Amino acid sequence: MRTIREALAAIRRAPVLTGLSAAMVALALFVVGLFAVATYNLHQALAQVEERVEVVIYIHDDVREAELRLLEEDMLGLPEVQGVRHVSKEEALNRARTDLPEFEELFLSMEANPLPASLEVELAPGFRNPLSVERVADRTTIYPFVEEVRFGRDWIDRLYLLRRIGGIATGILGTAFAVVAGLIIATAVRIAIFARKDEIQIMRLVGATNGFIRRPFLLEGAVTGTLGGLLALGLTFLATAAVSRTIFPLEWIPGEWALGGVAGGGLFGLVASAFALRKYLREV
Amino acid sequence: MIELTHVTKEYAGRGKALNRLSLRLGKGEFAFLTGHSGSGKSTTLRLIHMAETPSAGEVVVCGFSSGSLAPHEVWKLRRRVSHVFQDFRLLPGRTALENVAFALEVTGAPGSEVEPRSTRLLAQVGLAAKSSLPVQELSGGERQRVAIARAMANEPLVLLADEPTGNLDERSSRGIMELFRDLNAQGVTILMATHDLELVRAYPDIRLLELSEGQLVFDSGLATSSHGQPSAGTDPAPTIPHSPSTPEPKAVQESGAVQVEGS
C-alpha cells in the first residue's frame with residue numbers, strides 16, 4: 001500500500017519528468033510498433049502467396065476411377081498435404097475458356113478435349129517449401145498413370161528465399177530496434193531516478209532498508225513503462241489507420257502482439273529501474 | 001559506543017585519508033573533531049556511519065563492526081547513528097514537517113504516529129510555528145534545526161555532525177550548539193566535526209580531538225598532543241580542561257596515533 005502511495009506521490013510531485021519519461025518510452029516503442037505492423041503485414045502477404053503453393057498432378061485419360069482414388073488417398077495420407085481436389089477434363093476446359101476468353105473460337109473448333117484431368121494438391125501450412133513440394137511430387141512417380149507433375153519449382157524457390165531473407169532481416173532489425181528501444185527506456189528511467197538521487201541518499205542515511213527504497217521506484221518504472229507502451233500502441237494504431245486510409249491497406253497486429261508490447265514496456269521499465277537503482281543503493 | 005582501531009582509509013590516487021587512526025568515544029560523550037581541510041574529519045565520520053569501509057583496521061559503532069556488517073544491513077546501524085551535514089540534505093519542495101516525517105515513514109513508523117511525532121520533534125528544536133513552511137523558505141539555522149529534528153526521529157544513540165554550523169552565522173551556530181548540548185544531556189553521544197575554532201573555544205568543557213594528515217594529534221582528554229604539545233595553528237587546547245563527561249584517559253601511545261579509552 002505504501003509502495004503504491006509513494007509511487008503515485010512521486011509521479012504527482014514530478015508530472016513533467018514522469019510525462020517526459022513516458023513519452024521517451026512511447027516514442028521508442030512506437031518505432032518498434034511500426035516495425036511490428038510492417039513485419040506482420042509482410043508476413044500476411046507472404047502467407048497469402050504461399051497459400052497458392054500447390055502441386056498439380058496431370059493424369060492420363062485412360063486412368064481408372066479406383067486408381068485415381070488410390071492416388072488421392074495416398075496424397076491425403078501425407079503430412080504435407082492439406083487437401084486434394086480432382087479437376088476433370090471438362091472442368092479443365094471450362095476453366096480454360098473462362099481464363100482465356102480470347103481463345104474461345106479455338107476451343108469451339110476443337111473436336112476433342114485435349115486438356116488432361118488433374119489432381120490439385122494443396123499443401124499444409126509449414127510445408128509450403130521447396131523440400132516438401134519436391135517430396136510430394138516424388139511420391140507420384142510410382143503411379144504409371146501420372147502424366148506430369150507441375151509445381152513451379154523456380155517460383156517456389158524464390159518465394160522460399162524471399163521468406164528466409166524476410167525472416168533474417170526481421171530478426172536483425174527487430175533485435176536492433178528492441179535494443180535501441182531498451183536503451184532509450186533505460187536512459188529515461190535513469191534520468192528519472194537521477195532526479196531523485198538525493199531522496200534515495202536521504203532514505204539510506206536515515207536507515208531505510210534497500211527493499212523499502214526499491215519498491216516504489218520499481219513500481220514507478222513499471223507504471224512509466226506501461227504508460228509509454230499504451231501511448232506507443234495508440235500512436236501505432238493511428239499511424240496504421242492513416243496509412244491504410246491514404247496509401248495502401250494494412251492489417252492491424254494481433255491482440256497478443258499489442259498486449260506483449262505494452263507488457264514489455266512495463267517489464268522493461270521495472271528492470272531498468274532495478275538496474276539504475278543498484279548504483280545509488282551502493283552509495284552512502 | 002564508538003571505537004576505531006588502527007583504521008587506515010586509502011583512496012586510489014589520493015593517498016591515505018586516515019593513517020592507523022585509533023580513538024574511542026564512550027556512551028553519552030560529546031566531542032569536537034577538528035583539523036585542517038583534508039585532515040580526515042569527514043572520512044572519520046563517514047567510516048563511523050559506515051558509508052565507507054576502512055582499508056585496514058576496524059570500526060565498531062553501537063556493537064556493529066565494519067568487518068562484519070553487510071552493506072544491505074547498514075540500515076540497522078543508521079537507525080542508531082544519525083548524521084547531520086553542513087548542507088542540511090533536506091528534501092526541497094517539502095515542508096519542515098514532511099522532511100521530518102519522511103525519516104519516520106521510510107523507517108516504517110506506524111502511520112498514525114508519524115505526524116504527532118514529527119510535530120513534537122520540530123517543537124523540540126523550536127520550529128513548531130514553521131512546520132508547515134517549505135524548507136527553502138527557512139533560514140540556514142532553521143534548516144539545520146529541521147535536519148537535527150529529522151536526525152532525532154529514530155531516537156538515535158549517536159549523532160554525527162559534519163560542520164553543522166559551517167553555513168550559519170554566529171547566533172544560529174550558538175543555537176545549534178545549545179540544541180546539541182540538550183540532546184547530549186539526554187544521553188545522545190555526539191561527535192561533531194568542525195574547523196570553527198571560535199566555536200570550539202566557546203565550549204571548553206567539550207572534549208576536543210584534533211586530526212592532522214589522518215592521524216589523531218591531540219586529544220583534550222590527554223591535555224597534550226602526541227608530540228607533547230598542542231599542534232600549531234589549532235591552539236585552544238591549553239585553555240580547555242577535561243570534559244566532565246570525559247573520563248580520565250588511560251592513554252596509550254601506539255604507532256604514532258593516540259588511543260584514548262573512554263567509559
# chains A, B, ... in the order shown; residues from 1 in each chain; ligands from 1
call {"tool": "residues_around", "arguments": {"residues": "Gly83 in chain A", "least_positions_apart": "4", "cutoff": "8 Å", "atoms": "only C-alpha atoms", "output": "number ranges by chain"}}
result
A: 76, 121-124
call {"tool": "write_last_selection", "arguments": {"atoms": "N, CA, C and O atoms", "output": "short mmCIF file (atom, residue, chain, number, x, y, z; two decimals), in the first residue's frame"}}
result
data_model
loop_
_atom_site.label_atom_id
_atom_site.label_comp_id
_atom_site.auth_asym_id
_atom_site.auth_seq_id
_atom_site.Cartn_x
_atom_site.Cartn_y
_atom_site.Cartn_z
N LEU A 76 -3.54 -37.69 -49.57
CA LEU A 76 -4.16 -37.20 -48.32
C LEU A 76 -3.49 -37.79 -47.08
O LEU A 76 -3.53 -37.19 -46.00
N VAL A 121 -3.13 -30.64 -55.54
CA VAL A 121 -2.77 -31.00 -54.15
C VAL A 121 -2.41 -29.71 -53.39
O VAL A 121 -1.45 -29.02 -53.73
N GLU A 122 -3.21 -29.42 -52.36
CA GLU A 122 -2.98 -28.22 -51.54
C GLU A 122 -2.10 -28.60 -50.36
O GLU A 122 -2.35 -29.60 -49.67
N LEU A 123 -1.07 -27.80 -50.13
CA LEU A 123 -0.12 -28.15 -49.06
C LEU A 123 -0.51 -27.51 -47.73
O LEU A 123 -1.11 -26.43 -47.69
N ALA A 124 -0.17 -28.23 -46.68
CA ALA A 124 -0.49 -27.73 -45.33
C ALA A 124 0.47 -26.60 -44.94
O ALA A 124 1.62 -26.58 -45.41
#
call {"tool": "select_by_dssp", "arguments": {"residues": "range 84-133 of chain B", "states": "helix (DSSP H, G or I)", "output": "list of chain:residue names"}}
result
B:Ala96, B:Leu97, B:Glu98, B:Asn99, B:Val100, B:Ala101, B:Phe102, B:Ala103, B:Leu104, B:Glu105, B:Val106, B:Gly111, B:Ser112, B:Glu113, B:Val114, B:Glu115, B:Pro116, B:Arg117, B:Ser118, B:Thr119, B:Arg120, B:Leu121, B:Leu122, B:Ala123, B:Gln124, B:Ala128, B:Ala129, B:Lys130
call {"tool": "interface_residues", "arguments": {"of": "chain A", "to": "chain B", "cutoff": "12 Å", "atoms": "only C-alpha atoms", "output": "number ranges by chain"}}
result
A: 1-3, 5-6, 13-14, 195-216, 278, 281-284
call {"tool": "residues_around", "arguments": {"residues": "range 232-244 of chain A", "least_positions_apart": "2", "cutoff": "6 Å", "atoms": "only C-alpha atoms", "output": "JSON, numbers by chain"}}
result
{"A": [26, 29, 30, 33, 34, 229, 230, 246, 247, 248, 249, 250]}
call {"tool": "residues_around", "arguments": {"residues": "Asn19 in chain B", "least_positions_apart": "2", "cutoff": "7 Å", "atoms": "only C-alpha atoms", "output": "PDB file with all heavy atoms, in the first residue's frame"}}
result
ATOM      1  N   VAL B   7      42.712   2.367  12.232  1.00  0.00           N
ATOM      2  CA  VAL B   7      41.948   2.494  10.979  1.00  0.00           C
ATOM      3  C   VAL B   7      42.734   3.289   9.927  1.00  0.00           C
ATOM      4  O   VAL B   7      43.176   4.407  10.185  1.00  0.00           O
ATOM      5  CB  VAL B   7      40.587   3.171  11.233  1.00  0.00           C
ATOM      6  CG1 VAL B   7      39.893   3.502   9.911  1.00  0.00           C
ATOM      7  CG2 VAL B   7      39.704   2.257  12.061  1.00  0.00           C
ATOM      8  N   THR B   8      42.890   2.671   8.792  1.00  0.00           N
ATOM      9  CA  THR B   8      43.505   3.343   7.638  1.00  0.00           C
ATOM     10  C   THR B   8      42.465   3.401   6.525  1.00  0.00           C
ATOM     11  O   THR B   8      41.746   2.430   6.301  1.00  0.00           O
ATOM     12  CB  THR B   8      44.741   2.554   7.148  1.00  0.00           C
ATOM     13  OG1 THR B   8      45.717   2.574   8.187  1.00  0.00           O
ATOM     14  CG2 THR B   8      45.341   3.193   5.891  1.00  0.00           C
ATOM     15  N   LYS B   9      42.359   4.561   5.895  1.00  0.00           N
ATOM     16  CA  LYS B   9      41.481   4.678   4.731  1.00  0.00           C
ATOM     17  C   LYS B   9      42.296   5.268   3.591  1.00  0.00           C
ATOM     18  O   LYS B   9      42.817   6.382   3.698  1.00  0.00           O
ATOM     19  CB  LYS B   9      40.272   5.574   5.041  1.00  0.00           C
ATOM     20  CG  LYS B   9      39.319   5.717   3.864  1.00  0.00           C
ATOM     21  CD  LYS B   9      38.668   4.395   3.478  1.00  0.00           C
ATOM     22  CE  LYS B   9      37.852   4.512   2.195  1.00  0.00           C
ATOM     23  NZ  LYS B   9      37.270   3.220   1.796  1.00  0.00           N
ATOM     24  N   LYS B  16      46.493   8.336   1.571  1.00  0.00           N
ATOM     25  CA  LYS B  16      45.794   7.932   2.793  1.00  0.00           C
ATOM     26  C   LYS B  16      45.034   9.110   3.402  1.00  0.00           C
ATOM     27  O   LYS B  16      45.623  10.136   3.718  1.00  0.00           O
ATOM     28  CB  LYS B  16      46.798   7.400   3.807  1.00  0.00           C
ATOM     29  CG  LYS B  16      47.328   6.023   3.443  1.00  0.00           C
ATOM     30  CD  LYS B  16      48.334   5.546   4.451  1.00  0.00           C
ATOM     31  CE  LYS B  16      48.878   4.167   4.047  1.00  0.00           C
ATOM     32  NZ  LYS B  16      49.994   3.741   4.880  1.00  0.00           N
ATOM     33  N   ALA B  17      43.729   8.933   3.565  1.00  0.00           N
ATOM     34  CA  ALA B  17      42.930   9.957   4.240  1.00  0.00           C
ATOM     35  C   ALA B  17      43.048   9.765   5.751  1.00  0.00           C
ATOM     36  O   ALA B  17      43.043  10.724   6.513  1.00  0.00           O
ATOM     37  CB  ALA B  17      41.475   9.862   3.804  1.00  0.00           C
ATOM     38  N   LEU B  21      44.422   5.297  12.490  1.00  0.00           N
ATOM     39  CA  LEU B  21      43.735   6.117  13.499  1.00  0.00           C
ATOM     40  C   LEU B  21      43.042   5.229  14.531  1.00  0.00           C
ATOM     41  O   LEU B  21      42.315   4.303  14.171  1.00  0.00           O
ATOM     42  CB  LEU B  21      42.700   7.016  12.817  1.00  0.00           C
ATOM     43  CG  LEU B  21      41.808   7.848  13.750  1.00  0.00           C
ATOM     44  CD1 LEU B  21      42.610   8.933  14.445  1.00  0.00           C
ATOM     45  CD2 LEU B  21      40.647   8.469  12.974  1.00  0.00           C
ATOM     46  N   GLY B 214      45.398  12.578   8.740  1.00  0.00           N
ATOM     47  CA  GLY B 214      44.789  11.280   9.006  1.00  0.00           C
ATOM     48  C   GLY B 214      45.171  10.642  10.322  1.00  0.00           C
ATOM     49  O   GLY B 214      44.882   9.470  10.555  1.00  0.00           O
ATOM     50  N   GLN B 215      45.825  11.428  11.181  1.00  0.00           N
ATOM     51  CA  GLN B 215      46.202  10.867  12.487  1.00  0.00           C
ATOM     52  C   GLN B 215      45.686  11.761  13.599  1.00  0.00           C
ATOM     53  O   GLN B 215      45.560  12.978  13.411  1.00  0.00           O
ATOM     54  CB  GLN B 215      47.724  10.759  12.593  1.00  0.00           C
ATOM     55  CG  GLN B 215      48.309   9.693  11.658  1.00  0.00           C
ATOM     56  CD  GLN B 215      49.790   9.520  11.867  1.00  0.00           C
ATOM     57  OE1 GLN B 215      50.526  10.500  11.936  1.00  0.00           O
ATOM     58  NE2 GLN B 215      50.231   8.282  11.958  1.00  0.00           N
TER      59      GLN B 215
END
call {"tool": "select_by_dssp", "arguments": {"residues": "range 44-169 of chain B", "states": "strand (DSSP E)", "output": "JSON, numbers by chain"}}
result
{"B": [56, 57, 58, 59, 60, 61, 64, 65, 81, 82, 83, 84, 85, 158, 159, 160, 161, 162]}
call {"tool": "atom_distance", "arguments": {"atom1": "CA of Arg14 in chain B", "atom2": "CA of Leu33 in chain B"}}
result
21.8 Å
call {"tool": "closest_residue", "arguments": {"among": "A:Phe35, A:His60, A:Thr141, A:Leu259", "to": "Ala181 in chain A", "atoms": "only C-alpha atoms"}}
result
A:Phe35
call {"tool": "atom_distance", "arguments": {"atom1": "CA of Ala137 in chain A", "atom2": "CA of Gly152 in chain A"}}
result
11.2 Å
call {"tool": "residues_around", "arguments": {"residues": "Thr226 in chain A", "least_positions_apart": "2", "cutoff": "10 Å", "atoms": "only C-alpha atoms", "output": "PyMOL selection string"}}
result
chain A and resi 22+25-26+220-224+228-232+261-270
call {"tool": "write_last_selection", "arguments": {"atoms": "N, CA and C atoms", "output": "PDB file, in the first residue's frame"}}
result
ATOM      1  N   ALA A  22       7.701   8.845 -19.889  1.00  0.00           N
ATOM      2  CA  ALA A  22       6.697   8.025 -20.583  1.00  0.00           C
ATOM      3  C   ALA A  22       6.722   8.332 -22.085  1.00  0.00           C
ATOM      4  N   VAL A  25       9.712   6.607 -23.637  1.00  0.00           N
ATOM      5  CA  VAL A  25       9.400   5.172 -23.743  1.00  0.00           C
ATOM      6  C   VAL A  25       8.426   4.961 -24.908  1.00  0.00           C
ATOM      7  N   ALA A  26       7.420   5.862 -24.987  1.00  0.00           N
ATOM      8  CA  ALA A  26       6.394   5.737 -26.029  1.00  0.00           C
ATOM      9  C   ALA A  26       7.008   5.851 -27.419  1.00  0.00           C
ATOM     10  N   GLU A 220       7.121   2.555  -9.962  1.00  0.00           N
ATOM     11  CA  GLU A 220       7.091   3.760 -10.792  1.00  0.00           C
ATOM     12  C   GLU A 220       7.651   3.461 -12.189  1.00  0.00           C
ATOM     13  N   GLY A 221       8.736   2.693 -12.228  1.00  0.00           N
ATOM     14  CA  GLY A 221       9.336   2.302 -13.509  1.00  0.00           C
ATOM     15  C   GLY A 221       8.360   1.495 -14.345  1.00  0.00           C
ATOM     16  N   ALA A 222       7.680   0.549 -13.670  1.00  0.00           N
ATOM     17  CA  ALA A 222       6.715  -0.305 -14.377  1.00  0.00           C
ATOM     18  C   ALA A 222       5.539   0.530 -14.891  1.00  0.00           C
ATOM     19  N   VAL A 223       5.071   1.475 -14.064  1.00  0.00           N
ATOM     20  CA  VAL A 223       3.936   2.324 -14.471  1.00  0.00           C
ATOM     21  C   VAL A 223       4.352   3.204 -15.655  1.00  0.00           C
ATOM     22  N   THR A 224       5.551   3.809 -15.551  1.00  0.00           N
ATOM     23  CA  THR A 224       6.035   4.665 -16.647  1.00  0.00           C
ATOM     24  C   THR A 224       6.157   3.856 -17.935  1.00  0.00           C
ATOM     25  N   GLY A 228       3.983   4.376 -21.284  1.00  0.00           N
ATOM     26  CA  GLY A 228       4.683   4.568 -22.552  1.00  0.00           C
ATOM     27  C   GLY A 228       4.225   3.550 -23.584  1.00  0.00           C
ATOM     28  N   GLY A 229       4.052   2.305 -23.137  1.00  0.00           N
ATOM     29  CA  GLY A 229       3.605   1.233 -24.024  1.00  0.00           C
ATOM     30  C   GLY A 229       2.210   1.505 -24.579  1.00  0.00           C
ATOM     31  N   LEU A 230       1.306   1.972 -23.696  1.00  0.00           N
ATOM     32  CA  LEU A 230      -0.065   2.282 -24.133  1.00  0.00           C
ATOM     33  C   LEU A 230      -0.076   3.445 -25.124  1.00  0.00           C
ATOM     34  N   LEU A 231       0.754   4.448 -24.812  1.00  0.00           N
ATOM     35  CA  LEU A 231       0.862   5.613 -25.698  1.00  0.00           C
ATOM     36  C   LEU A 231       1.396   5.179 -27.070  1.00  0.00           C
ATOM     37  N   ALA A 232       2.410   4.311 -27.041  1.00  0.00           N
ATOM     38  CA  ALA A 232       3.005   3.807 -28.284  1.00  0.00           C
ATOM     39  C   ALA A 232       1.968   3.018 -29.087  1.00  0.00           C
ATOM     40  N   GLY A 261       3.553  -5.914 -26.337  1.00  0.00           N
ATOM     41  CA  GLY A 261       4.306  -4.656 -26.425  1.00  0.00           C
ATOM     42  C   GLY A 261       4.113  -3.802 -25.183  1.00  0.00           C
ATOM     43  N   VAL A 262       2.855  -3.683 -24.736  1.00  0.00           N
ATOM     44  CA  VAL A 262       2.568  -2.865 -23.547  1.00  0.00           C
ATOM     45  C   VAL A 262       3.197  -3.510 -22.307  1.00  0.00           C
ATOM     46  N   ALA A 263       3.011  -4.829 -22.190  1.00  0.00           N
ATOM     47  CA  ALA A 263       3.598  -5.538 -21.032  1.00  0.00           C
ATOM     48  C   ALA A 263       5.116  -5.443 -21.079  1.00  0.00           C
ATOM     49  N   GLY A 264       5.675  -5.535 -22.290  1.00  0.00           N
ATOM     50  CA  GLY A 264       7.129  -5.423 -22.444  1.00  0.00           C
ATOM     51  C   GLY A 264       7.632  -4.075 -21.972  1.00  0.00           C
ATOM     52  N   GLY A 265       6.890  -3.011 -22.299  1.00  0.00           N
ATOM     53  CA  GLY A 265       7.250  -1.670 -21.839  1.00  0.00           C
ATOM     54  C   GLY A 265       7.278  -1.603 -20.320  1.00  0.00           C
ATOM     55  N   GLY A 266       6.232  -2.154 -19.706  1.00  0.00           N
ATOM     56  CA  GLY A 266       6.159  -2.158 -18.241  1.00  0.00           C
ATOM     57  C   GLY A 266       7.283  -2.959 -17.618  1.00  0.00           C
ATOM     58  N   LEU A 267       7.529  -4.140 -18.200  1.00  0.00           N
ATOM     59  CA  LEU A 267       8.576  -5.019 -17.668  1.00  0.00           C
ATOM     60  C   LEU A 267       9.949  -4.359 -17.814  1.00  0.00           C
ATOM     61  N   PHE A 268      10.151  -3.732 -18.968  1.00  0.00           N
ATOM     62  CA  PHE A 268      11.449  -3.102 -19.202  1.00  0.00           C
ATOM     63  C   PHE A 268      11.651  -1.919 -18.261  1.00  0.00           C
ATOM     64  N   GLY A 269      10.568  -1.162 -18.024  1.00  0.00           N
ATOM     65  CA  GLY A 269      10.646  -0.044 -17.072  1.00  0.00           C
ATOM     66  C   GLY A 269      11.039  -0.540 -15.696  1.00  0.00           C
ATOM     67  N   LEU A 270      10.473  -1.669 -15.301  1.00  0.00           N
ATOM     68  CA  LEU A 270      10.763  -2.245 -13.991  1.00  0.00           C
ATOM     69  C   LEU A 270      12.217  -2.695 -13.896  1.00  0.00           C
TER      70      LEU A 270
END
call {"tool": "residues_around", "arguments": {"residues": "Val61 in chain B", "least_positions_apart": "4", "cutoff": "8 Å", "atoms": "only C-alpha atoms", "output": "compact mmCIF listing (two decimals) with N, CA and C atoms, in the first residue's frame"}}
result
# COMPACT_ATOMS: atom_id res chain seq x y z
N MET B 1 30.94 3.02 22.75
CA MET B 1 29.91 3.43 21.78
C MET B 1 30.51 3.54 20.36
N ILE B 2 31.67 4.24 20.29
CA ILE B 2 32.39 4.35 19.02
C ILE B 2 33.84 3.96 19.27
N GLU B 3 34.34 3.04 18.47
CA GLU B 3 35.73 2.65 18.64
C GLU B 3 36.39 2.42 17.28
N ILE B 48 32.47 6.00 10.49
CA ILE B 48 31.65 5.68 11.67
C ILE B 48 30.20 5.42 11.24
N SER B 65 30.24 -3.94 13.73
CA SER B 65 31.63 -3.88 13.29
C SER B 65 31.70 -3.70 11.77
N LEU B 77 22.38 -0.06 11.56
CA LEU B 77 23.25 0.91 12.24
C LEU B 77 22.68 2.32 12.12
call {"tool": "residues_around", "arguments": {"residues": "Leu199 in chain B", "least_positions_apart": "2", "cutoff": "9 Å", "atoms": "only C-alpha atoms", "output": "PyMOL selection string"}}
result
chain B and resi 170+173-174+177+194-197+201-203
